[in-house]
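Q: Before we start, here is the structure in question, set down as structure tokens.
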Amino acid sequence: MSSSGLFDVAVLGGGMVGSAIGFGCAERGARVVVLDEGDVALRAARGNFGLVWSQSKGDGMPAYAAWTRQSVALWPALAERASALAGRDVQYRAVGGLTFCLDEAEFAARQLFVQRMHNQGQEGLQMLDRAQLQALMPGCPLGPEVRGASYQPADGHVDPLTLLRGLQAGMRAAGGVHLPGAAVQAVEPIAGGYRVTREDGSQVEAQRIVVAAGVKTTPLARMIGLDVPVRPVRGQNIVTERLAPILPLPASAIRQTGDGTVQIGVTSEDDGSFATATTTAALATMAARALRVLPVLAQARMVRGWAALRPMTPDGFPAYAESTTHPGCFVATCHSGVTLAAVHAGPLAEAVLAGVLPEHARDLHPDRFVGMTHVSSH
Amino acid sequence: MFRRTDPPDCTIVWEGRELPARAGESLAVALLAAGITTFRETPVTGAARGPLCLMGACFDCLVQVEEAQNMQACLVPVTPGLRAQMQHGARGFVEDAA
């Protein structure tokens, strides 16, 4: 298969990040092609918990906190467009979000965290004690151990798979081309742009390249002269049968979806392995904590458990850069593709076309990883 | 739609009505053999649904068996006199049973 002329932008990766950027560029009139491995890819998008979430993001990295808040502010408009494009509601509900504390020590630790986040510009985030929590969610059958929660009124949740469908539909509706298939093997400069060669020998040419390849970012970023260490961190998920409404607000590691299922998360297994099997021990630990939050879930059946791999940088924060050796080639990687979808489809897409990274994203350059051995998950 | 290969040897009660069945066959098969195709109404749209896979994977054959909601009819063996009814919408919770 040969290329069909010179595209304005070739996005390498068709997951949540690549689809958002591809959609944003196509919507701004660029001729876009998204190269995607397809559904065999180790998509973090399929393991995403579906939170649109600012309350835990960016401790120690104010640019990430600000970038996240900017995305949350842009989310209502994105949700409306993505729903129309997907042909069904993406179920974005900015009803506020919680992080439950199950004893005094957890509550005290979370309180300190909330104060730290306040000092870094996080507004609206507050601690609720048990009585305030009950007043916020009348009738919610909270377990007796629930001491309180942190509460950010701007947070919310969404159906990540419908969002992905909406972004891809929007990219195609704006004239973009989605090419699932073989992995990318090489990127080489040509006159006026770059030629991308895939493992099946097919080639695509584009003026600009965006590497948005999730857990496969490192080898692809190297092809455009950027060193971006990304490793897989496994997250296991549980979903129950559909249940009558019991939890009106989404929380870290437990939320009830618009369709009634309760999703329970999520491990953060940092063992370097690309395996996607679940383990009974992890699922049992997750379920046990969920039962302390909502004991009535003991009556619910688990329908499915699964694991997905999230791309993690050495400090856990996103990375964005334009290559100096390959002008017009960019990398974008993060583990919060849902929350950041609105900035990826907006300011970041604009930046790819303009060649200047926006404020906040500019401060998340992968150069900071040089010599970094510290490893953490955010 | 379906024809039994072996005769019924007991009855079950579906929506208050007696139906012929064979002990040990699945509840889903007994209902299908009696001409029942609507097992439940979905929680999302209220659409009528019945069994698709008959092997425990699709969750489209959910019914209420005795007091238990959201039971997969294809995985429930028939016992004489078993009482079952349609599953309407999402499963509710039983008070104080947690």
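Lettering and numbering for the structure tokens are positional, with chains as A, B, ... in the shown order, residues counted from 1 in each chain, and ligands counted from 1 in the shown order.
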Show me which bits of chain A are within 7 Å of chain B, counting only C-alpha atoms, as a list in words.

A: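 The answer, sorted by residue number, is Arg242, Leu243, Ala244, Asp259, Pro295, Val296, Ala298 and Gln299 of chain A.
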
Q: DSSP on the backbone, strand (DSSP E or B) only: what residues of chain B does that give? Format it as a PyMOL selection string.

A: chain B and resi 10-14+17-21+26+40-41+48-49+62-65+68-72+77+83-88+91

Q: Find the spatial neighbours of Arg17 in chain B, counting only C-alpha atoms, within a cut-off of 10 Å - ignore same-chain residues fewer than 3 positions away - and output them as a PyMOL selection string.

A: chain B and resi 11-14+83-85

Q: What's the 8 Å shell around Val114 in chain A, counting only C-alpha atoms, without same-chain residues fewer than 5 positions away, as JSON, numbers by chain?

A: {"A": [125, 126, 127, 150]}

Q: Of the residues B:Cys61, B:Met1, B:Gly24, B:Glu18, which is the one nearest to Ala48 in chain B, using only C-alpha atoms?

A: B:Cys61

Q: Quick one: pull the distance between CA of Val17 in chain A and CA of Gly272 in chain A, Å, one decimal.

A: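 Separating CA of Val17 in chain A from CA of Gly272 in chain A is a distance of 21.6 Å.
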
Q: Determine which residues of range 202-305 of chain A DSSP labels as helix (DSSP H, G or I) from the backbone of this structure, then write them out as number ranges by chain.

A: A: 214-223, 280-293, 295-299

Q: Would you export the selected residues with C-alpha atoms as an mmCIF file, in the first residue's frame, please?

A:
```cif
data_model
loop_
_atom_site.group_PDB
_atom_site.id
_atom_site.type_symbol
_atom_site.label_atom_id
_atom_site.label_comp_id
_atom_site.auth_asym_id
_atom_site.auth_seq_id
_atom_site.Cartn_x
_atom_site.Cartn_y
_atom_site.Cartn_z
ATOM 1 C CA GLY A 214 1.229 4.954 24.984
ATOM 2 C CA VAL A 215 3.362 2.127 26.393
ATOM 3 C CA LYS A 216 5.162 1.887 23.033
ATOM 4 C CA THR A 217 6.242 5.538 23.138
ATOM 5 C CA THR A 218 9.937 4.978 23.908
ATOM 6 C CA PRO A 219 11.021 3.198 20.678
ATOM 7 C CA LEU A 220 8.890 5.473 18.478
ATOM 8 C CA ALA A 221 10.099 8.671 20.162
ATOM 9 C CA ARG A 222 13.669 7.486 19.538
ATOM 10 C CA MET A 223 12.887 7.464 15.789
ATOM 11 C CA THR A 280 -7.166 -13.236 42.116
ATOM 12 C CA ALA A 281 -5.218 -11.675 44.991
ATOM 13 C CA ALA A 282 -5.380 -8.181 43.487
ATOM 14 C CA LEU A 283 -9.054 -8.463 42.556
ATOM 15 C CA ALA A 284 -9.861 -9.690 46.075
ATOM 16 C CA THR A 285 -7.983 -6.779 47.685
ATOM 17 C CA MET A 286 -9.805 -4.274 45.483
ATOM 18 C CA ALA A 287 -13.189 -5.866 46.191
ATOM 19 C CA ALA A 288 -12.506 -5.927 49.934
ATOM 20 C CA ARG A 289 -11.871 -2.190 50.042
ATOM 21 C CA ALA A 290 -14.952 -1.501 47.906
ATOM 22 C CA LEU A 291 -17.011 -3.500 50.424
ATOM 23 C CA ARG A 292 -15.759 -1.272 53.248
ATOM 24 C CA VAL A 293 -17.018 1.751 51.294
ATOM 25 C CA PRO A 295 -21.015 -3.053 52.218
ATOM 26 C CA VAL A 296 -24.229 -3.605 50.242
ATOM 27 C CA LEU A 297 -22.027 -4.529 47.254
ATOM 28 C CA ALA A 298 -21.628 -7.934 48.915
ATOM 29 C CA GLN A 299 -24.914 -8.737 47.185
#
```

Q: Show me, as a PyMOL selection string, the residues that have an atom within 8 Å of Gly355 in chain A when counting only C-alpha atoms, minus same-chain residues fewer than 4 positions from it.

A: chain A and resi 322+328+351

Q: Can I get the selection written as a PDB file, in the first residue's frame, with N, CA and C atoms?

A:
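Ended up saving to part_18.pdb:
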```pdb
ATOM      1  N   GLU A 322       8.610  18.982  21.157  1.00  0.00           N
ATOM      2  CA  GLU A 322       8.911  18.937  19.735  1.00  0.00           C
ATOM      3  C   GLU A 322      10.386  18.573  19.618  1.00  0.00           C
ATOM      4  N   GLY A 328       9.086  19.603  13.578  1.00  0.00           N
ATOM      5  CA  GLY A 328       7.757  19.186  13.111  1.00  0.00           C
ATOM      6  C   GLY A 328       7.349  17.827  13.646  1.00  0.00           C
ATOM      7  N   ALA A 351      -1.134  23.506  18.851  1.00  0.00           N
ATOM      8  CA  ALA A 351       0.321  23.664  18.955  1.00  0.00           C
ATOM      9  C   ALA A 351       1.052  22.824  17.917  1.00  0.00           C
TER      10      ALA A 351
END
```

Q: Fewer than 6 positions away in the same chain doesn't count, so skip those; otherwise give me all residues within 8 Å of Ala21 in chain B, counting only C-alpha atoms, as a VMD selection string.

A: chain B and resid 8 to 12 30 78

Q: Can you tell me which residues surround Leu85 in chain A at a distance of at most 8 Å, considering only C-alpha atoms, apart from same-chain residues fewer than 4 positions away, and format the answer as a PyMOL selection string?

A: chain A and resi 81+166-167+169-170

Q: Compare A:Gly38, A:Gly22, A:Gly14, A:Pro232 by their minimum atom-to-atom distance to Gly181 in chain A, counting only C-alpha atoms, and give me the closest one.

A: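 Counting only C-alpha atoms, the residue closest to Gly181 in chain A is A:Gly38.
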
Q: Take CA of Val233 in chain A and CA of Ala45 in chain A and report the distance between them in Å, one decimal.

A: 13.2 Å

Q: Between B:Asp60, B:Glu25, B:Pro51, B:Cys74, which residue has the minimum interatomic distance to Pro7 in chain B, considering only C-alpha atoms?

A: B:Glu25

Q: How far is it from CA of Glu37 in chain A to CA of Ala213 in chain A, in Å with one decimal?

A: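 Separating CA of Glu37 in chain A from CA of Ala213 in chain A is a distance of 9.6 Å.
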